[in-house]
Structure formats: structure tokens, C-alpha cells
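Chemist: Would you mind keeping the following structure in view while I ask a few things?
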Amino acid sequence: GKRPSIESENVSRKKEMSEEFEASTVDSLINMPFATIDIKDDYEITDVPQMKLKRNIENEQIKNDQIKKKKRQKDYQPNYFLSIPITNKEIIGGIKILQNTIIQQDKRLAKAMVSDGSFHITLLVMQLLNEDEVNIGIDALLELKPFIEEILQGKHLTLPFQGIDTFGNQVGFVKLAEGDHIIPLLEIAETAKKTFQEKGILAGESRSFKPHLTFMKLSKAPWLRKNGVKKIDPELYEKFISHKFGEELCSRIDLCSMLKKKQSDGYYHCESSIVIGKKPVGIQDLINEALHRERMGLKAKVQQIKELLLKPETQAKIRRELFEGRLIDNSNQVNHVEFSATLT
């Protein structure tokens with residue numbers, strides 16, 4: 001006589017499992033960037049023992065996470081970057097001679113040259129989609145400063161440039177010479193990536209860091225391809241293959257926009273900067289630092305006000321005062337009318 005109760009137990013367990021699975025499937029669908037699951041197939045496996053069922057749910061979750069990650073990477077279009085500006089006149093002069101030498105051999109390549117004032121080393125690329133994310137990026141840059149100071153240990157970061165190379169004959173760049181400066185530079189780039197990613201910013205997702213100083217790219221003038229210029233011919237720059245361009249004493253890291261209008265000096269639109277190394281500090285740097293500190297202070301105050309306003313007792317007090325105000329308002333309406341009449 002016990003048999004039916006075991007069966008009914010099994011039925012109710014199956015029902016529970018089925019409901020649990022249904023809920024999990026709906027959850028996984030909600031989490032997916034696009035619904036690629038065939039629901040019918042999912043429901044066909046609700047009779048499987050619980051172990052297998054659990055494994056399927058876990059696998060589904062892993063699959064979802066992978067799809068999500070792929071979608072994030074597919075949608076990832078960097079529009080901001082961390083830049084070390086190149087300011088040494090000797091380096092800039094050398095690059096201009098190099099560019100002119102190339103243009104003299106092929107006039108069409110003038111449009112592929114990086115303009116004056118834009119020379120830089122990219123430390124990190126990232127995606128910042130709105131003003132809030134830009135502000136988070138500014139905060140991350142400020143947080144980076146003490147880490148960089150720790151890496152540099154009071155020393156200068158000096159970057160020597162020598163020779164020319166290309167990325168797939170499409171992007172021409174001046175190479176960073178080998179030496180002791182490579183290790184701190186890589187450490188700074190890695191720390192920057194970590195600092196920005198920890199704040200939830202999509203940064204450095206697709207590319208590994210290869211320091212280079214770009215002086216030309218064919219993609220700047222897409223019509224070149226149609227005109228038969230499909231690659232940068234190494235003969236164009238052969239005279240500079242081992243040329244020493246000079247050393248850059250790094251003094252600043254900027255958070256720059258790739259898309260916003262450039263500044264009048266040709267450099268990128270800059271949201272914020274930090275001063276690094278031991279270069280004598282200019283008045284503008286002091287002003288920037290002071291503005292940053294003031295901004296951080298204001299942000300902290302705004303945060304405190306927000307937290308205060310979110311407290312239930314504050315909200316109750318505001319409601320009470322508004323309500324009392326309305327009562328007083330009603331009784332004084334006549335006076336208000338007379339008062340406003342005397343004002344006009």
C-alpha cells in the first residue's frame with residue numbers, strides 16, 4: 001500500500017524540478033543579450049535525474065556568460081585613451097623630417113601623416129559612453145598617480161626613441177629603444193589597466209600593450225587604397241631605419257578623447273591629466289592639481305548629501321515640512337496674492 005505515496009512523491013519532485021528548471025531557464029533568457037535558446041529543447045530534458053539537470057543549468061550559465069562576454073567585446077569600441085604626450089622638440093623635429101622625406105617620394109601620403117601636436121604614446125584604450133563614465137575615468141586616473149609614483153620610486157621615466165617599424169605595413173611608428181625604461185613603462189600600463197577595469201570600465205580588452213609612437217596611418221585616408229596605395233613601402237623610410245630621434249622625459253599622463261574636436265595646438269581633447277616623475281612643476285600643473293582636489297571635495301560633499309536625502313528619516317522630515325508648508329500656504333493664500341500684487 002506504500003507504492004502510490006512513493007509515486008506521488010516522485011511526481012511532486014519532478015514538478016518541483018520542472019518549475020525550478022523553468023525559473024532558471026527564464027532567468028538565463030533574461031540574462032542573455034539575445035535569446036538564442038530553443039525553449040522546447042530545454043523543456044524536453046526535465047525528466048533527467050537532478051545531478052544531470054544541475055550540470056545542464058550550470059553549463060547553460062557558463063554558455064550565457066561566454067555569449068555575454070563575446071557580445072561585450074563585439075560592442076567594445078574604444079573612444080578614450082591614456083596618452084603620454086611627446087613634447088621634446090628634437091623628437092618632433094626628427095619626425096617632421098621623416099614625414100617630409102616620405103611625402104617627397106609619394107605626395108599622396110601627405111594625408112596619411114599624423115598631424116603636428118598629436119604625437120603620443122598610448123598607454124591604454126577604453127570605452128567611456130557618457131559623462132558619468134568619463135567622471136569615473138577621471139577618478140581612476142587620479143587613483144593611478146600614487147601607484148605610478150611607487151613604480152618610479154622618485155626617478156624620471158625617460159623614453160628613448162630609435163628606428164622605424166610598421167604594424168602590417170599599415171601603421172608607421174617610431175620604435176621605443178630597448179633599455180631599463182621598458183619595465184617601469186610596462187608596469188605603469190598594467191597598473192593603469194587594472195585600476196580602470198576595477199572601476200568597471202571596459203579598458204584594454206582587445207589589445208596587448210606595445211609602446212609605439214605613430215607618425216602615419218593609411219586608414220587616415222581610405223581613398224589611398226582605391227588609388228593603389230595598399231601598404232607603406234619600407235623603402236620610403238629606409239634612411240631612418242636606425243635613426244636616433246631623441247629622449248622624452250615623461251611628465252604627464254592625459255585622459256584623451258579619440259572623437260572629440262582636437263585642441264588648437266593639434267593635441268587631443270583632454271578630460272584630465274596627472275603629473276608624473278620629477279619634472280619641474282609648471283603653474284598650469286599646480287592649477288590642475290588644485291582643481292582636481294576641489295572637484296574631489298565637491299564630489300564627496302554631493303555623495304554625503306545624496307546619502308542624507310536617501311535616509312528614511314530625512315525623507316519623512318521633508319514630507320512633513322512640505323505638508324505643513326501646504327497647510328500654512330492655504331491659510332495665507334490671500335496674503336500671498338496681496339503681497340505679490342504689491343511687488344508688481
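Naming works like this for the C-alpha cells: A, B, ... for the chains as they're shown, residue 1 at the start of each chain, ligands 1 onward in shown order.
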Apply DSSP to the structure's backbone, then extract all residues of segment 72-129 of chain A labelled helix (DSSP H, G or I) and return them as a list in words.

Modeler: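 Residues of segment 72-129 of chain A classed as helix (DSSP H, G or I): Arg72, Gln73, Lys74, Asp75, Lys89, Glu90, Ile91, Ile92, Gly93, Gly94, Ile95, Lys96, Ile97, Leu98, Gln99, Asn100, Thr101, Ile102, Ile103, Gln104, Gln105, Lys107, Arg108, Leu109, Ala110, Lys111 and Ala112 of chain A.
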
Chemist: Quick one: residues within 8 Å of segment 253-259 of chain A, only C-alpha atoms, excluding same-chain residues fewer than 5 positions away - as a PyMOL selection string?

Modeler: chain A and resi 79-85+137-138+141+268-276

Chemist: Now that the selection is made, can you save its residues with all heavy atoms as a compact mmCIF listing (two decimals), in the first residue's frame?

Modeler:
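In the end it all went to out04.txt:
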```txt
# COMPACT_ATOMS: atom_id res chain seq x y z
N ASN A 79 36.85 54.64 -27.28
CA ASN A 79 36.70 56.04 -27.72
C ASN A 79 37.53 57.00 -26.86
O ASN A 79 37.55 58.19 -27.11
CB ASN A 79 35.22 56.45 -27.73
CG ASN A 79 34.57 56.30 -26.37
OD1 ASN A 79 35.11 55.62 -25.49
ND2 ASN A 79 33.43 56.92 -26.17
N TYR A 80 38.18 56.45 -25.83
CA TYR A 80 39.09 57.25 -24.99
C TYR A 80 40.40 56.49 -24.82
O TYR A 80 40.45 55.28 -25.02
CB TYR A 80 38.47 57.50 -23.61
CG TYR A 80 37.52 58.67 -23.59
CD1 TYR A 80 36.20 58.55 -24.00
CD2 TYR A 80 37.95 59.93 -23.18
CE1 TYR A 80 35.34 59.63 -24.02
CE2 TYR A 80 37.10 61.03 -23.20
CZ TYR A 80 35.80 60.87 -23.62
OH TYR A 80 34.97 61.96 -23.63
N PHE A 81 41.45 57.21 -24.45
CA PHE A 81 42.73 56.54 -24.23
C PHE A 81 43.58 57.33 -23.25
O PHE A 81 43.37 58.53 -23.05
CB PHE A 81 43.48 56.35 -25.56
CG PHE A 81 43.89 57.62 -26.25
CD1 PHE A 81 45.20 58.07 -26.21
CD2 PHE A 81 42.96 58.36 -26.98
CE1 PHE A 81 45.59 59.24 -26.85
CE2 PHE A 81 43.33 59.53 -27.64
CZ PHE A 81 44.65 59.97 -27.57
N LEU A 82 44.52 56.63 -22.62
CA LEU A 82 45.51 57.29 -21.77
C LEU A 82 46.72 57.57 -22.64
O LEU A 82 47.24 56.68 -23.31
CB LEU A 82 45.93 56.39 -20.61
CG LEU A 82 44.92 56.20 -19.47
CD1 LEU A 82 45.58 55.42 -18.33
CD2 LEU A 82 44.37 57.51 -18.95
N SER A 83 47.17 58.82 -22.63
CA SER A 83 48.22 59.26 -23.53
C SER A 83 49.41 59.83 -22.75
O SER A 83 49.23 60.57 -21.78
CB SER A 83 47.65 60.35 -24.44
OG SER A 83 48.68 61.10 -25.04
N ILE A 84 50.61 59.46 -23.19
CA ILE A 84 51.83 60.16 -22.74
C ILE A 84 52.20 61.08 -23.90
O ILE A 84 52.62 60.60 -24.96
CB ILE A 84 52.98 59.18 -22.44
CG1 ILE A 84 52.62 58.25 -21.29
CG2 ILE A 84 54.27 59.96 -22.12
CD1 ILE A 84 53.67 57.17 -20.99
N PRO A 85 52.00 62.41 -23.75
CA PRO A 85 52.29 63.31 -24.87
C PRO A 85 53.80 63.42 -25.13
O PRO A 85 54.60 63.38 -24.20
CB PRO A 85 51.72 64.65 -24.40
CG PRO A 85 51.67 64.56 -22.91
CD PRO A 85 51.52 63.12 -22.55
N GLY A 137 36.35 57.59 -15.15
CA GLY A 137 37.68 57.54 -15.78
C GLY A 137 38.64 58.56 -15.18
O GLY A 137 39.81 58.26 -14.92
N ILE A 138 38.12 59.77 -14.93
CA ILE A 138 38.94 60.83 -14.31
C ILE A 138 39.38 60.40 -12.91
O ILE A 138 40.55 60.54 -12.53
CB ILE A 138 38.16 62.17 -14.27
CG1 ILE A 138 37.96 62.71 -15.70
CG2 ILE A 138 38.89 63.21 -13.41
CD1 ILE A 138 37.00 63.88 -15.82
N LEU A 141 42.10 57.80 -13.13
CA LEU A 141 43.39 58.40 -13.47
C LEU A 141 44.04 59.01 -12.23
O LEU A 141 45.25 58.85 -12.00
CB LEU A 141 43.21 59.47 -14.56
CG LEU A 141 44.47 60.21 -15.01
CD1 LEU A 141 45.51 59.26 -15.58
CD2 LEU A 141 44.15 61.30 -16.02
N TYR A 268 44.97 66.08 -28.66
CA TYR A 268 43.61 65.57 -28.45
C TYR A 268 42.86 66.32 -27.35
O TYR A 268 43.48 66.91 -26.47
CB TYR A 268 43.67 64.08 -28.08
CG TYR A 268 44.28 63.25 -29.16
CD1 TYR A 268 45.67 63.05 -29.23
CD2 TYR A 268 43.49 62.68 -30.16
CE1 TYR A 268 46.24 62.31 -30.25
CE2 TYR A 268 44.06 61.92 -31.18
CZ TYR A 268 45.43 61.75 -31.22
OH TYR A 268 45.99 61.03 -32.23
N HIS A 269 41.52 66.25 -27.41
CA HIS A 269 40.69 66.81 -26.35
C HIS A 269 41.02 66.03 -25.07
O HIS A 269 40.97 64.81 -25.04
CB HIS A 269 39.21 66.65 -26.68
CG HIS A 269 38.30 67.04 -25.56
ND1 HIS A 269 37.84 68.32 -25.39
CD2 HIS A 269 37.82 66.32 -24.51
CE1 HIS A 269 37.09 68.36 -24.30
NE2 HIS A 269 37.07 67.17 -23.75
N CYS A 270 41.34 66.77 -24.03
CA CYS A 270 41.87 66.16 -22.81
C CYS A 270 40.88 66.37 -21.65
O CYS A 270 40.51 67.51 -21.37
CB CYS A 270 43.21 66.81 -22.54
SG CYS A 270 44.01 66.16 -21.12
N GLU A 271 40.43 65.29 -21.01
CA GLU A 271 39.46 65.40 -19.91
C GLU A 271 40.16 65.67 -18.58
O GLU A 271 39.61 66.32 -17.70
CB GLU A 271 38.65 64.10 -19.77
CG GLU A 271 37.82 63.72 -20.99
CD GLU A 271 36.60 64.60 -21.19
OE1 GLU A 271 36.25 65.38 -20.29
OE2 GLU A 271 35.99 64.51 -22.27
N SER A 272 41.38 65.12 -18.43
CA SER A 272 42.09 65.25 -17.17
C SER A 272 43.53 64.81 -17.35
O SER A 272 43.84 64.08 -18.28
CB SER A 272 41.40 64.38 -16.12
OG SER A 272 42.00 64.58 -14.87
N SER A 273 44.41 65.27 -16.43
CA SER A 273 45.83 64.91 -16.51
C SER A 273 46.39 64.65 -15.13
O SER A 273 45.87 65.19 -14.14
CB SER A 273 46.64 66.07 -17.10
OG SER A 273 46.11 66.46 -18.34
N ILE A 274 47.44 63.84 -15.08
CA ILE A 274 48.21 63.75 -13.84
C ILE A 274 49.67 64.04 -14.18
O ILE A 274 50.13 63.74 -15.28
CB ILE A 274 48.08 62.37 -13.14
CG1 ILE A 274 48.42 61.22 -14.09
CG2 ILE A 274 46.72 62.20 -12.50
CD1 ILE A 274 48.54 59.86 -13.41
N VAL A 275 50.37 64.66 -13.24
CA VAL A 275 51.79 64.96 -13.40
C VAL A 275 52.57 63.78 -12.84
O VAL A 275 52.26 63.29 -11.76
CB VAL A 275 52.16 66.26 -12.64
CG1 VAL A 275 53.63 66.58 -12.81
CG2 VAL A 275 51.29 67.41 -13.12
N ILE A 276 53.55 63.27 -13.61
CA ILE A 276 54.35 62.14 -13.11
C ILE A 276 55.83 62.48 -13.17
O ILE A 276 56.24 63.41 -13.87
CB ILE A 276 54.08 60.84 -13.90
CG1 ILE A 276 54.45 61.00 -15.39
CG2 ILE A 276 52.65 60.39 -13.75
CD1 ILE A 276 54.58 59.69 -16.13
```

Chemist: Using DSSP secondary structure from the backbone, list all strand (DSSP E or B) positions within segment 105-266 of chain A, as an MDAnalysis selection string.

Modeler: chainID A and resid 113 120:127 157:167 171:176 202:203 213:217 244:250 252:257

Chemist: Need to verify the contact set: segment 101-118 of chain A, 9 Å, only C-alpha atoms, exclusion of same-chain residues closer than 4 positions in sequence. Can you return it as number ranges by chain?

Modeler: A: 85-87, 92, 96-97, 214-221, 224, 229, 236-237, 262, 265-268

Chemist: What is the distance between atom CA of Trp223 of chain A and atom CA of Ile164 of chain A, in Å to one decimal?

Modeler: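 Separating atom CA of Trp223 of chain A from atom CA of Ile164 of chain A is a distance of 24.5 Å.
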
Chemist: Would you mind telling me which residue in A:Asn56, A:Leu176, A:Ala316, A:Gly277 lies nearest to Gln153 of chain A when using only C-alpha atoms?

Modeler: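 Between A:Asn56, A:Leu176, A:Ala316, A:Gly277, the residue approaching Gln153 of chain A most closely is A:Gly277.
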
Chemist: Hey, what's within 9 Å of Phe240 of chain A if we count only C-alpha atoms and toss same-chain stuff fewer than 6 positions away? As a CSV table (one decimal) with N, CA and C atoms, in the first residue's frame, please?

Modeler:
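What ended up in out25.csv:
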```csv
chain,number,residue,atom,x,y,z
A,98,LEU,N,61.3,63.1,-41.2
A,98,LEU,CA,60.9,61.8,-41.7
A,98,LEU,C,59.6,61.8,-42.5
A,162,GLN,N,64.2,55.2,-31.2
A,162,GLN,CA,65.2,54.9,-32.3
A,162,GLN,C,64.6,53.9,-33.3
A,163,GLY,N,64.7,54.3,-34.6
A,163,GLY,CA,64.3,53.4,-35.6
A,163,GLY,C,62.8,53.4,-36.0
A,164,ILE,N,62.5,52.7,-37.0
A,164,ILE,CA,61.1,52.7,-37.6
A,164,ILE,C,60.6,51.3,-37.7
```
